[in-house]
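Report on one structure; see the data block that follows.
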Amino acid sequence: MDAVDVAVVDLALSGDAVRLDALGTDAVEYPPRLRARLTAALPPGRCDVAELCQLDTEVGQAFASAARHALARWGGGEARLVASLGQTVYHWVEGGRCRGTLQLGQPAWIAEATGLPVISDLRARDVAAGGHGAPLAALLDSWWLAAASAGSVPSSSFGTTVAVNLGGIANITAASGPEVVAYDTGPANALLDAACLDLTGGRHDHDPGGTLAADGRVLDGLLDRLLADPYYAAPPPKSTGKEYFNGDYLRTALASWWGDRHDDGRPGTADLLATLVELTARTVADACARHRADRVVVSGGGVGNRTLMSALARAVAPAEVVTAEALGLPSDGKEACLAALLGFLGWHGLPANLPSATGASGPRLLGSITPGANPLTLPQPHPQRPRRLLLGEVDRQLPTAI
């Protein structure tokens, strides 16, 4: 929730391949008050329908502003389509099954600001089909990593490559035999950011570069308590979010561990953050080890946390850790490129979920379309389902999607 990730992407279909060229990516910060209200609306906070309506509108307006900025900077002011994953505020998982998911960011504001059709609400159809609606990155990751293994991007000789995204929640994608497996491993930045908010009285909402955590020591007892959470041992498909791993979760765990062993006080900021860094590194590494990773390709905001990246490198060793740039995609902008790809596929009548990853009962077309300034005219559905992603220049004059 720190910023709106935006990318301008050229995409083209050719037989069983999609060619993708990221023309530019950026992170446009939310207005500070909107960001604070979004954070306050997350569980265990309360959000009434008036606040929900206002947030939906203001997030949509922030998305519209980011889209116009990106179009002007990289798209020459034009594109054919906008795709929006939305801002997740609640992901309803009960008994290991996802029963609903809610993303804010009214697409009409984007369509009005850009004049372009908008594909949004990309998760709900997969959920309705019995899936978790996440990680939708599994489709891009599986095509992208297959291309890397086949040598279409610079690559050394590796066995199994696992893609890891470090957002608020961490997720992985791995090929496990003939099928692709992808799931949320647990918190990445979610608990770190919650701890920063608590420990600084709201003055800081993250630890820039992991500098505070770098000065701390891991509290083994607290780490063991956190690692005992049953989520980590649950089999995939599975998903989670900040409605579970949040400030209340952390305060409860901390109070229980500290109360069992100490009379007063609380651990220092650096030690707590160092412990949470180790929690993320350990849970991601355990998941990578289950899939016998030889190489781990990392993207997402967590790439900027040097302490977390160092901890992850130690935890997955002897597997190598590289960032997404090494395989041709921007680390910070990969999620926005994903949104463009999902929207592009839906626009062309192609399924965009991966049932082996999300748990859905089958492939599904994703998203709802909001028309732009002109009558809505969809292309003929592409006759062949893509199975490969090719990175590089697309022979088009107009960006396909943002």
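Naming works like this for the structure tokens: A, B, ... for the chains as they're shown, residue 1 at the start of each chain, ligands 1 onward in shown order.
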
So that I can check the surroundings of stretch 193-200 of chain A, please list as a tab-separated table (two decimals) with N, CA and C atoms, in the first residue's frame every protein, DNA and RNA residue that reaches within 9 Å of it, counting only C-alpha atoms and ignoring chain neighbours fewer than 2 positions away.
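Produced file result-v9.tsv, reproduced below:
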```tsv
chain	number	residue	atom	x	y	z
A	168	GLY	N	3.74	-7.35	0.45
A	168	GLY	CA	3.28	-7.45	1.83
A	168	GLY	C	3.29	-8.91	2.27
A	189	ASN	N	6.74	-8.24	3.81
A	189	ASN	CA	6.87	-6.93	4.45
A	189	ASN	C	5.73	-6.62	5.42
A	190	ALA	N	4.67	-7.43	5.43
A	190	ALA	CA	3.48	-7.09	6.20
A	190	ALA	C	3.78	-6.90	7.69
A	191	LEU	N	4.45	-7.88	8.31
A	191	LEU	CA	4.73	-7.77	9.74
A	191	LEU	C	5.85	-6.78	10.02
A	202	GLY	N	3.64	5.34	14.79
A	202	GLY	CA	3.05	5.79	13.54
A	202	GLY	C	3.92	6.75	12.73
A	203	ARG	N	5.12	7.08	13.23
A	203	ARG	CA	5.96	8.04	12.50
A	203	ARG	C	6.60	7.41	11.26
A	204	HIS	N	6.87	6.09	11.33
A	204	HIS	CA	7.50	5.40	10.20
A	204	HIS	C	6.70	4.13	9.91
A	205	ASP	N	6.47	3.90	8.61
A	205	ASP	CA	5.68	2.72	8.24
A	205	ASP	C	6.51	1.64	7.58
A	206	HIS	N	7.83	1.82	7.50
A	206	HIS	CA	8.69	0.75	7.00
A	206	HIS	C	10.13	1.05	7.42
A	207	ASP	N	10.99	0.07	7.21
A	207	ASP	CA	12.40	0.16	7.57
A	207	ASP	C	13.20	0.30	6.28
A	246	ASN	N	-1.05	-9.27	10.56
A	246	ASN	CA	-1.19	-7.83	10.76
A	246	ASN	C	-0.65	-7.43	12.13
A	247	GLY	N	-0.87	-6.16	12.48
A	247	GLY	CA	-0.35	-5.66	13.75
A	247	GLY	C	-0.88	-6.39	14.95
A	248	ASP	N	-2.17	-6.72	14.95
A	248	ASP	CA	-2.75	-7.45	16.07
A	248	ASP	C	-2.12	-8.83	16.22
A	250	LEU	N	0.86	-9.70	15.36
A	250	LEU	CA	2.21	-9.54	15.90
A	250	LEU	C	2.17	-9.19	17.39
A	251	ARG	N	1.27	-8.28	17.77
A	251	ARG	CA	1.18	-7.90	19.18
A	251	ARG	C	0.79	-9.08	20.05
A	268	GLY	N	13.83	-4.55	21.86
A	268	GLY	CA	14.16	-3.36	21.12
A	268	GLY	C	13.70	-3.44	19.67
A	269	THR	N	13.59	-2.27	19.05
A	269	THR	CA	13.12	-2.19	17.67
A	269	THR	C	13.98	-3.02	16.73
A	272	LEU	N	13.49	-6.84	17.16
A	272	LEU	CA	12.20	-7.32	16.66
A	272	LEU	C	12.22	-7.36	15.13
A	273	LEU	N	12.73	-6.32	14.49
A	273	LEU	CA	12.77	-6.30	13.04
A	273	LEU	C	13.72	-7.37	12.48
A	276	LEU	N	11.81	-10.58	12.51
A	276	LEU	CA	10.80	-10.67	11.46
A	276	LEU	C	11.43	-10.85	10.09
```

Problem set entry | Computed interatomic separation between atom CA of A:Ala336 and atom CA of A:Asp5 (Å) | 5.7 Å

Which residues of stretch 208-264 of chain A come within 10 Å of stretch 127-132 of chain A, and what is each one's closest atom pair and distance in Å (one decimal), counting only C-alpha atoms, sorted by chain and residue number, as JSON lines?
```
{"residue": "A:Pro237", "atom": "CA", "partner": "A:His132", "partner_atom": "CA", "distance": 7.5}
{"residue": "A:Lys238", "atom": "CA", "partner": "A:His132", "partner_atom": "CA", "distance": 6.8}
{"residue": "A:Ser239", "atom": "CA", "partner": "A:His132", "partner_atom": "CA", "distance": 6.3}
{"residue": "A:Thr240", "atom": "CA", "partner": "A:His132", "partner_atom": "CA", "distance": 9.1}
```

Exercise. What does the distance between atom CA of A:Val164 and atom CA of A:Ala213 come to in Å, to one decimal place?
Worked result: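 Going from atom CA of A:Val164 over to atom CA of A:Ala213, I get 21.0 Å.
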
Problem set entry | Nearest residue to A:Ser84 from the set A:Gly15, A:Pro107, A:Gly209, A:Gly333 (distances using only C-alpha atoms) | A:Pro107

Problem set entry | Using only C-alpha atoms: which of A:Glu51, A:Asp332, A:Glu243, A:Asp294 has the shortest distance to A:Asp26 |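 With only C-alpha atoms as the atom set, the closest residue is A:Asp332.
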
For this session: Looking only at strand (DSSP E or B) from DSSP on the backbone, list the matching residues of stretch 69-314 of chain A as a ChimeraX atom specification.
Result: /A:81-83,87-94,97-104,118-120,160-166,169-176,179-187,293-299

Could those residues be written to a file, using C-alpha atoms, as a PDB file, in the first residue's frame?
```
ATOM      1  CA  LEU A  81      -6.219  -1.087 -22.835  1.00  0.00           C
ATOM      2  CA  VAL A  82      -5.754  -0.608 -19.100  1.00  0.00           C
ATOM      3  CA  ALA A  83      -5.677  -3.541 -16.682  1.00  0.00           C
ATOM      4  CA  GLN A  87      -5.963  -2.564  -4.087  1.00  0.00           C
ATOM      5  CA  THR A  88      -6.707  -5.595  -1.932  1.00  0.00           C
ATOM      6  CA  VAL A  89      -8.338  -4.691   1.374  1.00  0.00           C
ATOM      7  CA  TYR A  90      -9.737  -8.078   2.344  1.00  0.00           C
ATOM      8  CA  HIS A  91      -9.023 -11.660   1.288  1.00  0.00           C
ATOM      9  CA  TRP A  92     -11.510 -14.010   2.932  1.00  0.00           C
ATOM     10  CA  VAL A  93      -9.997 -17.426   3.630  1.00  0.00           C
ATOM     11  CA  GLU A  94     -11.847 -19.841   5.888  1.00  0.00           C
ATOM     12  CA  ARG A  97     -10.699 -22.225   1.217  1.00  0.00           C
ATOM     13  CA  CYS A  98     -10.933 -18.739  -0.256  1.00  0.00           C
ATOM     14  CA  ARG A  99     -14.540 -17.597  -0.040  1.00  0.00           C
ATOM     15  CA  GLY A 100     -14.167 -14.061  -1.334  1.00  0.00           C
ATOM     16  CA  THR A 101     -11.744 -11.277  -2.108  1.00  0.00           C
ATOM     17  CA  LEU A 102     -12.194  -7.500  -2.273  1.00  0.00           C
ATOM     18  CA  GLN A 103     -10.098  -5.057  -4.261  1.00  0.00           C
ATOM     19  CA  LEU A 104     -10.755  -1.320  -4.332  1.00  0.00           C
ATOM     20  CA  VAL A 118     -10.364  -1.074 -18.392  1.00  0.00           C
ATOM     21  CA  ILE A 119     -10.201  -4.711 -17.299  1.00  0.00           C
ATOM     22  CA  SER A 120     -10.429  -5.001 -13.520  1.00  0.00           C
ATOM     23  CA  THR A 160      14.957 -25.883 -10.695  1.00  0.00           C
ATOM     24  CA  THR A 161      14.274 -22.152 -10.704  1.00  0.00           C
ATOM     25  CA  VAL A 162      11.740 -20.750  -8.223  1.00  0.00           C
ATOM     26  CA  ALA A 163      10.247 -17.277  -8.551  1.00  0.00           C
ATOM     27  CA  VAL A 164       9.683 -15.373  -5.306  1.00  0.00           C
ATOM     28  CA  ASN A 165       7.718 -12.156  -4.909  1.00  0.00           C
ATOM     29  CA  LEU A 166       8.296 -10.158  -1.725  1.00  0.00           C
ATOM     30  CA  ILE A 169       2.884 -11.209   1.515  1.00  0.00           C
ATOM     31  CA  ALA A 170       5.517 -13.485  -0.036  1.00  0.00           C
ATOM     32  CA  ASN A 171       4.597 -15.956  -2.746  1.00  0.00           C
ATOM     33  CA  ILE A 172       6.508 -18.477  -4.818  1.00  0.00           C
ATOM     34  CA  THR A 173       6.080 -20.195  -8.169  1.00  0.00           C
ATOM     35  CA  ALA A 174       7.809 -23.499  -8.913  1.00  0.00           C
ATOM     36  CA  ALA A 175       7.464 -26.246 -11.466  1.00  0.00           C
ATOM     37  CA  SER A 176       6.789 -29.435  -9.515  1.00  0.00           C
ATOM     38  CA  GLU A 179       2.441 -29.022 -13.034  1.00  0.00           C
ATOM     39  CA  VAL A 180       3.206 -25.534 -11.802  1.00  0.00           C
ATOM     40  CA  VAL A 181       2.738 -24.934  -8.081  1.00  0.00           C
ATOM     41  CA  ALA A 182       2.355 -21.437  -6.650  1.00  0.00           C
ATOM     42  CA  TYR A 183       1.186 -20.191  -3.267  1.00  0.00           C
ATOM     43  CA  ASP A 184       1.617 -17.586  -0.573  1.00  0.00           C
ATOM     44  CA  THR A 185       4.369 -18.627   1.827  1.00  0.00           C
ATOM     45  CA  GLY A 186       3.484 -16.096   4.550  1.00  0.00           C
ATOM     46  CA  PRO A 187       4.417 -12.515   5.401  1.00  0.00           C
ATOM     47  CA  ALA A 293      15.380 -24.822  -5.865  1.00  0.00           C
ATOM     48  CA  ASP A 294      18.792 -24.343  -7.433  1.00  0.00           C
ATOM     49  CA  ARG A 295      18.105 -20.709  -8.266  1.00  0.00           C
ATOM     50  CA  VAL A 296      15.717 -18.221  -6.621  1.00  0.00           C
ATOM     51  CA  VAL A 297      14.572 -15.218  -8.673  1.00  0.00           C
ATOM     52  CA  VAL A 298      13.244 -12.414  -6.479  1.00  0.00           C
ATOM     53  CA  SER A 299      10.965  -9.477  -7.277  1.00  0.00           C
TER      54      SER A 299
END
```

For this session: Using only C-alpha atoms, determine which residues lie at most 9 Å from A:Phe63, disregarding the query and same-chain residues fewer than 3 positions distant; provide the list as a PyMOL selection string.
Result: chain A and resi 4+6+28+58-60+66-68+84+86+105-107+109-110

For this session: Just give me the gap between atom CA of A:Leu122 and atom CA of A:Pro351 in Å, one decimal is fine.
Result: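 Atom-to-atom, atom CA of A:Leu122 to atom CA of A:Pro351, that is 11.1 Å.
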
Exercise. When distances are computed from only C-alpha atoms, which of A:Leu145, A:Val303, A:Val316, A:Val8 shows the smallest separation from A:Arg73?
Worked result: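 Using only C-alpha atoms, the shortest distance to A:Arg73 belongs to A:Val8.
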
For this session: Considering only C-alpha atoms, state which residue in the set A:Leu34, A:Leu338, A:Ala360, A:Ile402 is at the smallest distance from A:Leu136.
Result: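 Nearest candidate to A:Leu136 out of A:Leu34, A:Leu338, A:Ala360, A:Ile402: A:Leu338.
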
For this session: Quick one: pick out all helix (DSSP H, G or I) residues within stretch 86-310 of chain A from a backbone DSSP run and write them as a VMD selection string.
Result: chain A and resid 107 to 114 124 to 128 137 to 150 190 to 199 208 to 214 220 to 227 230 to 233 247 to 261 269 to 290 301 to 304 306 to 310

For this session: Find, counting only C-alpha atoms, the residue in A:Gly77, A:Gly301, A:Gly24, A:Pro43 that gets nearest to A:Pro208.
Result: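 Among the listed residues, A:Gly301 lies closest to A:Pro208.
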